[in-house]
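Structure file run_34.txt with compact mmCIF, C-alpha atoms:
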# COMPACT_ATOMS: atom_id res chain seq x y z
CA MET A 192 104.83 83.39 108.62
CA THR A 193 106.03 83.13 112.20
CA PRO A 194 103.61 83.88 115.06
CA GLY A 195 105.48 87.13 115.71
CA ALA A 196 105.24 88.18 112.06
CA ARG A 197 101.50 87.59 112.14
CA LEU A 198 101.23 89.88 115.17
CA SER A 199 103.17 92.59 113.32
CA ALA A 200 100.82 92.21 110.37
CA ALA A 201 97.77 92.55 112.62
CA ILE A 202 99.19 95.76 114.11
CA GLU A 203 99.75 97.08 110.58
CA VAL A 204 96.15 96.34 109.60
CA LEU A 205 94.80 97.91 112.80
CA ALA A 206 96.82 101.04 112.09
CA ASP A 207 95.36 101.22 108.58
CA ILE A 208 91.82 100.90 109.96
CA ALA A 209 92.44 103.64 112.53
CA GLU A 210 94.09 106.05 110.11
CA ARG A 211 91.67 105.65 107.21
CA ARG A 212 88.47 104.82 109.15
CA ARG A 213 87.66 101.99 106.77
CA PRO A 214 85.88 98.64 107.17
CA VAL A 215 88.09 95.86 108.48
CA ALA A 216 87.34 93.62 105.49
CA ASP A 217 88.75 96.23 103.10
CA ALA A 218 91.90 96.71 105.17
CA LEU A 219 92.51 92.95 105.38
CA LYS A 220 91.95 92.51 101.66
CA ASP A 221 94.41 95.27 100.79
CA TRP A 222 97.00 93.86 103.19
CA GLY A 223 96.67 90.43 101.57
CA LEU A 224 97.08 91.88 98.06
CA ALA A 225 100.21 93.73 99.15
CA HIS A 226 101.68 90.65 100.88
CA ARG A 227 101.01 87.80 98.47
CA PHE A 228 103.57 85.61 100.20
CA ALA A 229 101.12 85.17 103.10
CA GLY A 230 99.25 81.87 102.86
CA SER A 231 95.58 81.33 103.58
CA GLY A 232 96.38 80.16 107.11
CA ASP A 233 98.42 83.30 107.74
CA ARG A 234 95.65 85.56 106.47
CA ALA A 235 93.03 83.74 108.55
CA THR A 236 95.11 84.06 111.73
CA ILE A 237 95.83 87.74 111.08
CA ALA A 238 92.13 88.40 110.52
CA THR A 239 91.24 86.71 113.80
CA LEU A 240 93.84 88.78 115.67
CA VAL A 241 92.45 91.97 114.13
CA TYR A 242 88.82 91.13 114.88
CA ASP A 243 89.65 90.21 118.48
CA ALA A 244 91.52 93.48 118.97
CA LEU A 245 88.56 95.44 117.61
CA ARG A 246 86.16 93.55 119.86
CA ARG A 247 88.17 94.62 122.91
CA ARG A 248 89.51 97.96 121.68
CA ALA A 249 88.28 100.09 124.58
CA SER A 250 89.03 97.64 127.40
CA ALA A 251 92.46 96.83 125.94
CA ALA A 252 93.30 100.53 125.80
CA TRP A 253 92.16 100.88 129.42
CA ILE A 254 94.39 98.17 130.83
CA MET A 255 97.35 99.17 128.62
CA GLY A 256 97.02 102.87 129.34
CA GLU A 257 97.15 103.99 125.71
CA GLU A 258 95.05 103.92 122.57
CA THR A 259 97.33 102.57 119.85
CA PRO A 260 97.03 99.60 117.49
CA ARG A 261 99.86 97.90 119.36
CA ALA A 262 98.14 98.42 122.73
CA ALA A 263 94.84 97.15 121.34
CA LEU A 264 96.49 93.95 120.15
CA ILE A 265 98.51 93.37 123.31
CA GLY A 266 95.51 93.98 125.54
CA SER A 267 93.27 91.71 123.49
CA LEU A 268 95.74 88.85 123.78
CA ARG A 269 95.15 88.96 127.50
CA LEU A 270 91.47 89.90 127.60
CA GLN A 271 90.19 87.83 124.68
CA ARG A 272 92.63 84.94 124.67
CA GLY A 273 93.67 84.82 128.31
CA LEU A 274 97.42 84.85 127.60
CA ALA A 275 99.75 85.58 130.51
CA ALA A 276 102.23 88.46 130.32
CA GLN A 277 105.15 86.04 130.00
CA THR A 278 103.49 84.30 127.03
CA VAL A 279 102.84 87.60 125.29
CA ALA A 280 106.42 88.68 125.91
CA GLY A 281 107.59 85.50 124.21
CA LEU A 282 105.80 86.62 121.04
CA PHE A 283 107.00 90.24 121.10
CA THR A 284 110.72 89.59 120.59
CA GLY A 285 111.65 91.98 117.79
CA GLU A 286 113.21 89.04 115.93
CA ARG A 287 112.32 87.81 112.42
CA PHE A 288 109.60 90.40 111.77
CA ALA A 289 108.08 90.06 115.26
CA PRO A 290 106.93 93.26 117.04
CA ALA A 291 109.38 95.08 119.27
CA PRO A 292 109.81 93.61 122.76
CA LEU A 293 107.38 94.64 125.47
CA THR A 294 108.46 97.69 127.42
CA GLU A 295 108.62 97.50 131.18
CA ALA A 296 105.46 99.62 131.32
CA GLU A 297 103.61 97.29 128.93
CA ARG A 298 104.60 94.22 130.91
CA THR A 299 103.48 95.88 134.15
CA ARG A 300 100.16 96.87 132.61
CA LEU A 301 99.60 93.34 131.35
CA GLU A 302 100.30 91.91 134.79
CA THR A 303 98.39 94.43 136.90
CA GLY A 304 95.84 96.16 134.65
CA THR A 305 92.22 95.63 135.66
CA LEU A 306 88.75 96.65 134.50
CA ASN A 307 87.40 96.87 138.06
CA ASP A 308 87.03 100.66 137.95
CA ALA A 309 86.36 100.99 134.23
CA PRO A 310 83.19 102.81 133.14
CA VAL A 311 80.50 100.75 131.44
CA HIS A 312 81.41 101.79 127.91
CA VAL A 313 85.01 100.69 128.49
CA ALA A 314 84.25 97.43 130.29
CA GLY A 315 81.60 96.66 127.66
CA ASP A 316 83.66 97.85 124.67
CA VAL A 317 81.10 100.13 123.03
CA PRO A 318 81.05 103.83 122.09
CA GLU A 319 80.12 105.92 125.12
CA TRP A 320 77.30 107.78 123.36
CA VAL A 321 75.22 104.61 122.77
CA VAL A 322 75.25 103.49 126.42
CA PRO A 323 72.04 105.33 127.43
CA SER A 324 70.10 103.70 124.58
CA LEU A 325 71.55 100.27 125.31
CA ALA A 326 70.80 100.71 129.01
CA ALA A 327 67.18 101.51 128.18
CA ALA A 328 66.93 98.28 126.22
CA LEU A 329 68.95 95.96 128.44
CA GLY A 330 68.42 97.31 131.96
CA ASP A 331 70.29 95.42 134.67
CA ASP A 332 71.69 93.06 132.03
CA LEU A 333 73.59 95.89 130.35
CA LEU A 334 77.17 94.92 131.21
CA PRO A 335 76.73 91.14 130.80
CA GLU A 336 75.12 91.74 127.41
CA LEU A 337 77.88 94.12 126.30
CA ARG A 338 80.50 91.59 127.31
CA ALA A 339 78.63 88.94 125.34
CA LEU A 340 78.63 91.29 122.35
CA ALA A 341 82.43 91.41 122.59
CA ARG A 342 82.79 87.63 122.34
CA ARG A 343 83.12 85.65 119.15
CA ALA A 344 79.87 84.66 117.46
CA PRO A 345 78.89 81.03 116.87
CA LEU A 346 78.52 79.52 113.40
CA ASP A 347 74.92 78.52 112.70
CA ILE A 348 73.26 77.03 109.65
CA ARG A 349 69.59 76.75 108.71
CA VAL A 350 68.57 73.45 107.18
CA ASN A 351 66.55 73.98 104.01
CA THR A 352 63.44 71.87 104.61
CA LEU A 353 62.57 72.04 100.91
CA LYS A 354 65.44 69.61 100.32
CA ALA A 355 66.62 68.09 103.59
CA THR A 356 65.95 67.38 107.26
CA ARG A 357 67.93 68.53 110.25
CA GLN A 358 68.79 64.96 111.19
CA GLY A 359 69.89 64.07 107.68
CA THR A 360 71.99 67.20 107.37
CA ALA A 361 73.62 66.60 110.75
CA GLU A 362 74.55 63.09 109.67
CA ALA A 363 75.96 64.31 106.36
CA LEU A 364 78.07 66.90 108.21
CA ALA A 365 79.07 64.54 111.02
CA HIS A 366 82.76 65.23 110.30
CA LEU A 367 82.10 68.82 111.48
CA ALA A 368 80.35 67.68 114.70
CA PRO A 369 77.29 69.98 114.42
CA GLU A 370 74.78 70.20 117.27
CA PRO A 371 71.10 71.26 117.10
CA THR A 372 70.53 74.92 117.88
CA PRO A 373 68.63 75.26 121.17
CA LEU A 374 65.78 77.45 119.90
CA SER A 375 65.43 77.13 116.13
CA PRO A 376 64.01 73.77 115.01
CA ASP A 377 65.80 74.06 111.66
CA GLY A 378 69.23 75.09 112.93
CA LEU A 379 72.57 73.40 113.49
CA ARG A 380 75.58 74.92 115.26
CA VAL A 381 79.03 74.08 113.92
CA PRO A 382 81.95 74.26 116.38
CA LEU A 383 84.64 76.86 115.77
CA GLY A 384 88.34 76.11 115.68
CA GLU A 385 90.80 77.25 118.33
CA ASP A 386 91.44 80.37 116.27
CA GLY A 387 87.74 81.25 116.44
CA ARG A 388 87.14 80.49 112.78
CA GLY A 389 84.73 77.95 111.38
CA PRO A 390 85.15 75.45 108.56
CA ALA A 391 84.65 76.41 104.91
CA LEU A 392 81.01 75.40 104.75
CA HIS A 393 80.51 76.84 101.28
CA VAL A 394 82.56 74.00 99.75
CA GLU A 395 80.59 71.20 101.40
CA PRO A 396 78.61 69.14 98.85
CA GLU A 397 75.42 69.58 100.89
CA PHE A 398 75.76 73.37 100.72
CA LEU A 399 76.30 73.24 96.96
CA ASP A 400 73.19 71.05 96.69
CA GLY A 401 71.11 73.55 98.67
CA TRP A 402 70.64 71.54 101.84
CA PHE A 403 71.50 74.45 104.12
CA GLU A 404 72.33 78.15 104.36
CA ILE A 405 74.61 79.91 106.80
CA GLN A 406 72.28 81.92 109.04
CA ASP A 407 72.41 82.99 112.69
CA GLU A 408 69.84 81.27 114.88
CA GLY A 409 68.31 84.64 115.73
CA SER A 410 67.71 85.38 112.06
CA GLN A 411 66.14 81.94 111.65
CA LEU A 412 63.78 82.62 114.56
CA ALA A 413 62.86 86.06 113.24
CA ALA A 414 61.74 84.57 109.93
CA ARG A 415 59.85 81.75 111.67
CA LEU A 416 58.03 84.17 113.99
CA SER A 417 56.61 85.95 110.95
CA GLY A 418 53.98 83.19 110.73
CA ALA A 419 54.45 82.81 106.95
CA ASP A 420 52.49 79.80 105.72
CA ALA A 421 51.43 78.01 102.55
CA GLY A 422 48.89 79.85 100.40
CA MET A 423 49.76 83.34 101.64
CA THR A 424 50.79 86.37 99.62
CA VAL A 425 54.03 87.41 101.32
CA ILE A 426 56.27 90.36 100.47
CA ASP A 427 59.88 90.50 101.68
CA LEU A 428 60.32 94.25 101.41
CA CYS A 429 64.02 94.53 102.33
CA ALA A 430 65.20 91.20 100.95
CA GLY A 431 68.88 92.05 100.39
CA GLY A 432 70.83 88.91 99.56
CA GLY A 433 67.80 86.74 100.29
CA GLY A 434 68.53 85.00 103.59
CA LYS A 435 65.04 85.50 104.99
CA THR A 436 63.43 85.09 101.56
CA LEU A 437 64.81 81.56 101.46
CA ALA A 438 63.54 80.90 104.97
CA LEU A 439 60.08 82.21 104.04
CA ALA A 440 59.95 79.99 100.95
CA ALA A 441 60.71 76.96 103.11
CA LEU A 442 58.06 77.92 105.67
CA MET A 443 55.53 78.32 102.83
CA ASN A 444 56.71 75.06 101.23
CA ASN A 445 56.80 76.93 97.91
CA ALA A 446 53.00 77.17 98.07
CA GLY A 447 51.61 80.67 97.76
CA ARG A 448 53.03 83.88 96.37
CA LEU A 449 56.35 85.20 97.65
CA ILE A 450 57.67 88.51 96.31
CA ALA A 451 61.12 89.85 97.21
CA THR A 452 62.53 93.30 96.56
CA ASP A 453 64.95 95.82 98.03
CA GLY A 454 65.43 99.55 97.79
CA ASP A 455 69.05 98.97 96.75
CA PRO A 456 69.03 96.72 93.66
CA ARG A 457 72.73 95.88 94.14
CA ARG A 458 71.91 93.99 97.31
CA LEU A 459 69.61 91.66 95.39
CA ALA A 460 72.43 90.35 93.16
CA PRO A 461 73.08 87.09 95.09
CA ILE A 462 69.42 86.15 95.54
CA HIS A 463 68.88 84.48 92.16
CA GLU A 464 71.64 81.89 92.56
CA ARG A 465 70.65 81.26 96.18
CA LEU A 466 67.04 80.60 95.20
CA ARG A 467 68.14 78.23 92.44
CA ARG A 468 70.42 76.28 94.76
CA ALA A 469 67.73 76.01 97.44
CA GLY A 470 64.95 75.00 95.06
CA ALA A 471 62.95 77.95 96.39
CA THR A 472 60.29 79.82 94.45
CA ALA A 473 60.03 83.60 94.70
CA GLU A 474 59.26 86.51 92.40
CA ILE A 475 62.12 89.02 92.40
CA ARG A 476 61.28 92.62 91.64
CA THR A 477 64.40 94.68 91.03
CA PRO A 478 64.04 98.48 91.01
CA ARG A 479 65.30 100.09 87.82
CA GLY A 480 66.68 103.53 87.15
CA GLY A 481 68.42 106.03 89.40
CA LYS A 482 67.20 108.32 92.13
CA GLY A 483 63.43 108.50 92.26
CA ARG A 484 63.13 105.15 90.47
CA PRO A 485 59.55 103.91 89.93
CA ASP A 486 57.93 101.81 92.66
CA VAL A 487 57.87 98.18 91.50
CA LEU A 488 55.16 97.12 93.98
CA THR A 489 52.28 99.52 93.27
CA ASP A 490 50.10 96.73 91.81
CA LEU A 491 50.31 94.91 95.15
CA ASP A 492 49.02 97.72 97.38
CA GLY A 493 46.43 96.45 99.84
CA THR A 494 46.83 92.79 98.83
CA ALA A 495 49.56 91.24 101.04
CA ASP A 496 48.70 88.82 103.83
CA LEU A 497 52.16 89.41 105.29
CA VAL A 498 54.84 92.03 104.72
CA LEU A 499 58.24 91.24 106.20
CA VAL A 500 60.33 94.32 106.92
CA ASP A 501 63.92 93.33 107.69
CA ALA A 502 64.76 96.99 108.08
CA PRO A 503 68.05 98.76 107.39
CA CYS A 504 69.57 99.48 110.78
CA THR A 505 72.78 100.23 112.65
CA GLY A 506 73.52 96.53 113.05
CA SER A 507 74.31 96.97 116.74
CA GLY A 508 73.02 93.46 117.39
CA THR A 509 75.72 91.99 115.13
CA TRP A 510 78.76 93.60 116.74
CA ARG A 511 80.11 90.15 117.63
CA ARG A 512 80.56 89.57 113.91
CA ASN A 513 81.30 93.14 112.82
CA PRO A 514 83.23 94.71 115.70
CA ASP A 515 84.65 97.48 113.52
CA ALA A 516 81.13 98.74 112.80
CA LYS A 517 80.54 99.80 116.41
CA TRP A 518 83.54 102.12 116.36
CA ARG A 519 82.43 103.72 113.07
CA LEU A 520 78.84 104.31 114.24
CA ARG A 521 77.91 107.97 114.74
CA PRO A 522 74.71 109.68 115.96
CA GLY A 523 74.10 110.92 112.42
CA SER A 524 74.14 107.34 111.15
CA LEU A 525 71.47 106.38 113.66
CA ALA A 526 69.31 109.32 112.60
CA THR A 527 69.63 108.27 108.96
CA ARG A 528 68.60 104.71 109.76
CA VAL A 529 65.59 105.88 111.78
CA ALA A 530 64.38 107.92 108.80
CA GLU A 531 64.83 104.92 106.49
CA GLN A 532 62.90 102.71 108.89
CA GLU A 533 60.01 105.17 108.96
CA ALA A 534 59.86 105.22 105.16
CA VAL A 535 59.95 101.44 104.74
CA LEU A 536 57.30 100.89 107.42
CA ASP A 537 55.02 103.41 105.72
CA ARG A 538 55.51 101.50 102.45
CA ALA A 539 54.70 98.21 104.19
CA ALA A 540 51.49 99.70 105.59
CA ARG A 541 50.29 100.49 102.08
CA LEU A 542 51.01 96.95 100.89
CA VAL A 543 49.23 94.98 103.62
CA ARG A 544 45.53 94.14 103.26
CA PRO A 545 42.96 94.75 105.99
CA GLY A 546 43.44 91.91 108.47
CA GLY A 547 46.96 91.34 107.18
CA ARG A 548 50.17 91.64 109.17
CA ILE A 549 53.50 93.44 109.11
CA VAL A 550 56.45 91.78 110.83
CA TYR A 551 59.17 94.31 111.61
CA ILE A 552 62.70 93.02 112.19
CA THR A 553 66.02 94.67 112.94
CA CYS A 554 69.40 93.34 113.97
CA SER A 555 69.65 96.19 116.47
CA LEU A 556 69.55 96.59 120.24
CA LEU A 557 68.73 100.32 120.14
CA PRO A 558 65.13 101.24 121.13
CA GLU A 559 65.12 104.15 118.68
CA GLU A 560 65.18 101.60 115.86
CA ASN A 561 62.84 99.11 117.47
CA ASP A 562 59.92 99.97 119.75
CA ALA A 563 60.08 103.63 118.74
CA ALA A 564 59.78 102.71 115.06
CA VAL A 565 56.76 100.48 115.73
CA ALA A 566 55.10 103.14 117.89
CA GLY A 567 55.79 105.71 115.18
CA LEU A 568 53.94 103.72 112.51
CA ALA A 569 51.01 103.05 114.84
CA GLY A 570 50.89 106.77 115.59
CA ARG A 571 50.84 107.70 111.90
CA ARG A 572 48.24 105.09 110.92
CA ASP A 573 45.16 104.55 113.08
CA ASP A 574 44.43 101.35 111.16
CA ILE A 575 47.75 99.75 112.18
CA ALA A 576 48.22 98.34 115.68
CA PRO A 577 50.94 96.31 117.42
CA ARG A 578 49.98 92.77 118.39
CA PRO A 579 51.68 90.22 120.68
CA LEU A 580 53.83 87.60 118.98
CA ASP A 581 52.88 83.95 119.35
CA LEU A 582 56.05 82.46 120.85
CA PRO A 583 57.04 78.83 121.42
CA ASP A 584 57.57 78.19 125.13
CA ALA A 585 61.33 77.72 124.77
CA VAL A 586 61.67 81.04 122.96
CA ALA A 587 59.33 82.87 125.35
CA ALA A 588 61.48 81.77 128.28
CA LYS A 589 64.61 83.31 126.78
CA VAL A 590 63.73 86.49 124.93
CA ARG A 591 63.39 89.92 126.47
CA ARG A 592 59.90 91.35 125.99
CA THR A 593 59.64 95.02 125.09
CA ALA A 594 56.70 97.39 124.86
CA HIS A 595 55.79 96.28 121.34
CA GLY A 596 57.92 93.25 120.48
CA ILE A 597 60.71 90.98 121.61
CA GLN A 598 64.47 91.41 121.81
CA MET A 599 66.94 88.59 121.29
CA SER A 600 70.51 89.14 122.49
CA PRO A 601 73.82 87.28 122.83
CA GLU A 602 73.68 86.81 126.61
CA ARG A 603 69.97 86.02 126.89
CA THR A 604 69.38 83.88 123.78
CA GLY A 605 72.88 83.15 122.48
CA THR A 606 71.97 84.79 119.16
CA ASP A 607 72.70 88.07 117.48
CA GLY A 608 70.64 90.98 118.78
CA PHE A 609 67.44 90.65 116.74
CA TYR A 610 64.26 92.61 117.44
CA VAL A 611 60.91 91.35 116.14
CA ALA A 612 57.49 93.01 116.35
CA LEU A 613 54.10 92.19 114.84
CA LEU A 614 51.60 94.78 113.59
CA GLU A 615 48.13 94.17 112.18
CA ARG A 616 46.12 96.25 109.79
CA THR A 617 42.78 96.45 111.49
CA GLY A 618 40.70 98.04 108.74
CA ALA A 619 40.57 100.49 105.86
CA HIS A 620 42.85 103.52 106.13
CA PRO A 621 40.78 106.69 106.38
Take the structure from the file and write it as structure tokens.
Amino acid sequence: MTPGARLSAAIEVLADIAERRRPVADALKDWGLAHRFAGSGDRATIATLVYDALRRRASAAWIMGEETPRAALIGSLRLQRGLAAQTVAGLFTGERFAPAPLTEAERTRLETGTLNDAPVHVAGDVPEWVVPSLAAALGDDLLPELRALARRAPLDIRVNTLKATRQGTAEALAHLAPEPTPLSPDGLRVPLGEDGRGPALHVEPEFLDGWFEIQDEGSQLAARLSGADAGMTVIDLCAGGGGKTLALAALMNNAGRLIATDGDPRRLAPIHERLRRAGATAEIRTPRGGKGRPDVLTDLDGTADLVLVDAPCTGSGTWRRNPDAKWRLRPGSLATRVAEQEAVLDRAARLVRPGGRIVYITCSLLPEENDAAVAGLAGRRDDIAPRPLDLPDAVAAKVRRTAHGIQMSPERTGTDGFYVALLERTGAHP
């Protein structure tokens, strides 16, 4: 496909997303199935164009003066890729499946449009209704953080210390030029290509042999800050596909008891193969039955040294990776997540033993899902109290401290927006 044809395809996909309010991955998949002539390189480039346009949807509409898929793409070429108006015009020719030529108004907007007077939600490319919550969390760093959330995310891997070392893995992947992550001692950062996409790590022999997992540095740090250690009884209560379960197993050196479960059994499907590949030991408890299914952890009540709660959340901290999600987020969705977080924290409180700990994690920047959730549990249980996290100096210098935990963020720590808080069960529940 020609560069112009790829732009036309991206506009088509953006229109589908806007009209049907569907996840970007679904729209891209359907487009690929309907256009089988497009090669893998074409599909990758189209996906990058679409993701960039979604990252800058509001600011692109502002400088272009209209909210259309075409305007979003044109504006993002300037804002995200720094292309001059003349360069963009050379792509919009109307020839050989390329988009129609730029109008005089579009060219003028590209040349003169500015975000100088744009409101925060436009300049930061987020829904207007979430700005007060984000401002409460980020303070004076609000706009720099929002702009960081609109940039492309790095590609990080966590070295599996059950099988390999960071140095050995870096040497084995030398052809990819990885660098150590600045905060996680087990992480490597792999450079992205000019199109913003990383290499196909899942086909590397070292990945197939379980030497590493793809995992954002923030997620690596969240697992490490749990304090999981050999000999403990640890429950990963919202294990999903198992990313943090694998990290916990490595921290425990497969010594102790590690139990992983999830309220949605479908999310657990990948965990078995991932554990096998990593050489990690964990007991998987999969809920059975439909609504009101029996609790599979009742025999563990009051016995856990550590309960990790990687809670369901809005995912606002991952908008670099999932830019379409921010435009689909609604107040009702936040309210649903807050209710789910309350329920899972209450379950964690029943599992932890006196003197044991709960580590609460979200990939959110919204205080309603973070400090408020921790305060809510402490208010409901007088035997549960927040405690300060023990932070390495390098991490302590970067993170943003909150009332009850810490907040990682793209601008401050270079990671996704992870929140971590520690709670301790201080005694028997009355």
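Between Leu580 (chain A) and the candidates A:Ile426, A:Val550, A:Ala225, A:Leu491, the tightest atom-to-atom separation, counting only C-alpha atoms, involves A:Val550.
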A:Arg380, A:Arg247, A:Arg357, A:Arg448 ranked by distance to Leu337 (chain A), top pick (using all atoms listed in the file): A:Arg247
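What separates CA of Ala201 (chain A) from CA of Pro522 (chain A) is a distance of 28.9 Å.
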Exercise: region 527-540 of chain A partners within 7 Å, all atoms listed in the file, chain neighbours under 4 positions left out, as a PyMOL selection string: chain A and resi 498+502-505+523+549+560+564+568
Distance query 10 Å from (86.1, 102.1, 126.3) using only C-alpha atoms, result as a list in words: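 Looking at atoms near the point gives Arg247, Arg248, Ala249, Ser250, Ala251, Ala252, Trp253, Glu258, Ala309, Pro310, Val311, His312, Val313, Ala314, Gly315, Asp316, Val317, Pro318 and Glu319 of chain A.
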Mind writing the picked residues with C-alpha atoms as a PDB file, keeping the file's coordinate frame?
ATOM      1  CA  ARG A 247      88.170  94.620 122.910  1.00  0.00           C
ATOM      2  CA  ARG A 248      89.510  97.960 121.680  1.00  0.00           C
ATOM      3  CA  ALA A 249      88.280 100.090 124.580  1.00  0.00           C
ATOM      4  CA  SER A 250      89.030  97.640 127.400  1.00  0.00           C
ATOM      5  CA  ALA A 251      92.460  96.830 125.940  1.00  0.00           C
ATOM      6  CA  ALA A 252      93.300 100.530 125.800  1.00  0.00           C
ATOM      7  CA  TRP A 253      92.160 100.880 129.420  1.00  0.00           C
ATOM      8  CA  GLU A 258      95.050 103.920 122.570  1.00  0.00           C
ATOM      9  CA  ALA A 309      86.360 100.990 134.230  1.00  0.00           C
ATOM     10  CA  PRO A 310      83.190 102.810 133.140  1.00  0.00           C
ATOM     11  CA  VAL A 311      80.500 100.750 131.440  1.00  0.00           C
ATOM     12  CA  HIS A 312      81.410 101.790 127.910  1.00  0.00           C
ATOM     13  CA  VAL A 313      85.010 100.690 128.490  1.00  0.00           C
ATOM     14  CA  ALA A 314      84.250  97.430 130.290  1.00  0.00           C
ATOM     15  CA  GLY A 315      81.600  96.660 127.660  1.00  0.00           C
ATOM     16  CA  ASP A 316      83.660  97.850 124.670  1.00  0.00           C
ATOM     17  CA  VAL A 317      81.100 100.130 123.030  1.00  0.00           C
ATOM     18  CA  PRO A 318      81.050 103.830 122.090  1.00  0.00           C
ATOM     19  CA  GLU A 319      80.120 105.920 125.120  1.00  0.00           C
TER      20      GLU A 319
END
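If only C-alpha atoms are the atoms counted, then among A:Arg415, A:Arg261, A:His463, A:Lys354 the closest residue to Pro583 (chain A) is A:Arg415.
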CA of Thr236 (chain A) to CA of Phe288 (chain A), distance in Å rounded to a single decimal: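 One can read the CA of Thr236 (chain A) to CA of Phe288 (chain A) distance as 15.8 Å.
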Near-Ala469 (chain A) list (8 Å; only C-alpha atoms; drop same-chain fewer than 6 positions) as a PyMOL selection string: chain A and resi 351+353-354+400-403+437
All residues 8 Å or closer to Thr452 (chain A), only C-alpha atoms, same chain fewer than 3 positions away omitted, as a ChimeraX atom specification: /A:426-431,456,459,475-478
Proximity of region 207-265 of chain A to region 344-349 of chain A: per-residue shortest pair, 12 Å limit, only C-alpha atoms, as a tab-separated table:
residue	atom	partner	partner_atom	distance
A:Tyr242	CA	A:Ala344	CA	11.3
A:Asp243	CA	A:Ala344	CA	11.3
A:Arg246	CA	A:Ala344	CA	11.2
Using the incomplete input, complete region 595-600 of chain A to the level of all heavy atoms; output as a PDB file, in the frame of the given file.
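Wrote it out as out16.pdb, contents follow:
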ATOM      1  N   HIS A 595      56.535  96.664 122.535  1.00  0.00           N
ATOM      2  CA  HIS A 595      55.790  96.280 121.340  1.00  0.00           C
ATOM      3  C   HIS A 595      56.300  95.011 120.668  1.00  0.00           C
ATOM      4  O   HIS A 595      55.712  94.574 119.674  1.00  0.00           O
ATOM      5  CB  HIS A 595      55.831  97.426 120.316  1.00  0.00           C
ATOM      6  CG  HIS A 595      55.237  98.698 120.820  1.00  0.00           C
ATOM      7  ND1 HIS A 595      53.962  98.788 121.320  1.00  0.00           N
ATOM      8  CD2 HIS A 595      55.771  99.948 120.915  1.00  0.00           C
ATOM      9  CE1 HIS A 595      53.717 100.038 121.693  1.00  0.00           C
ATOM     10  NE2 HIS A 595      54.792 100.757 121.461  1.00  0.00           N
ATOM     11  N   GLY A 596      57.379  94.422 121.154  1.00  0.00           N
ATOM     12  CA  GLY A 596      57.920  93.250 120.480  1.00  0.00           C
ATOM     13  C   GLY A 596      58.791  92.427 121.414  1.00  0.00           C
ATOM     14  O   GLY A 596      58.594  92.413 122.631  1.00  0.00           O
ATOM     15  N   ILE A 597      59.761  91.757 120.825  1.00  0.00           N
ATOM     16  CA  ILE A 597      60.710  90.980 121.610  1.00  0.00           C
ATOM     17  C   ILE A 597      62.131  91.316 121.168  1.00  0.00           C
ATOM     18  O   ILE A 597      62.364  91.717 120.030  1.00  0.00           O
ATOM     19  CB  ILE A 597      60.491  89.452 121.451  1.00  0.00           C
ATOM     20  CG1 ILE A 597      60.716  89.020 119.999  1.00  0.00           C
ATOM     21  CG2 ILE A 597      59.117  89.048 121.955  1.00  0.00           C
ATOM     22  CD1 ILE A 597      60.940  87.547 119.817  1.00  0.00           C
ATOM     23  N   GLN A 598      63.059  91.163 122.082  1.00  0.00           N
ATOM     24  CA  GLN A 598      64.470  91.410 121.810  1.00  0.00           C
ATOM     25  C   GLN A 598      65.276  90.162 122.106  1.00  0.00           C
ATOM     26  O   GLN A 598      65.257  89.632 123.217  1.00  0.00           O
ATOM     27  CB  GLN A 598      64.994  92.563 122.681  1.00  0.00           C
ATOM     28  CG  GLN A 598      66.440  92.926 122.441  1.00  0.00           C
ATOM     29  CD  GLN A 598      66.633  93.682 121.140  1.00  0.00           C
ATOM     30  OE1 GLN A 598      66.144  94.792 120.990  1.00  0.00           O
ATOM     31  NE2 GLN A 598      67.340  93.078 120.191  1.00  0.00           N
ATOM     32  N   MET A 599      65.954  89.644 121.087  1.00  0.00           N
ATOM     33  CA  MET A 599      66.940  88.590 121.290  1.00  0.00           C
ATOM     34  C   MET A 599      68.303  89.248 121.507  1.00  0.00           C
ATOM     35  O   MET A 599      68.523  90.385 121.072  1.00  0.00           O
ATOM     36  CB  MET A 599      66.988  87.662 120.071  1.00  0.00           C
ATOM     37  CG  MET A 599      65.743  86.826 119.889  1.00  0.00           C
ATOM     38  SD  MET A 599      65.807  85.815 118.380  1.00  0.00           S
ATOM     39  CE  MET A 599      64.846  86.821 117.253  1.00  0.00           C
ATOM     40  N   SER A 600      69.211  88.551 122.188  1.00  0.00           N
ATOM     41  CA  SER A 600      70.510  89.140 122.490  1.00  0.00           C
ATOM     42  C   SER A 600      71.514  88.033 122.800  1.00  0.00           C
ATOM     43  O   SER A 600      71.136  86.926 123.183  1.00  0.00           O
ATOM     44  CB  SER A 600      70.392  90.101 123.680  1.00  0.00           C
ATOM     45  OG  SER A 600      69.873  89.426 124.813  1.00  0.00           O
TER      46      SER A 600
END
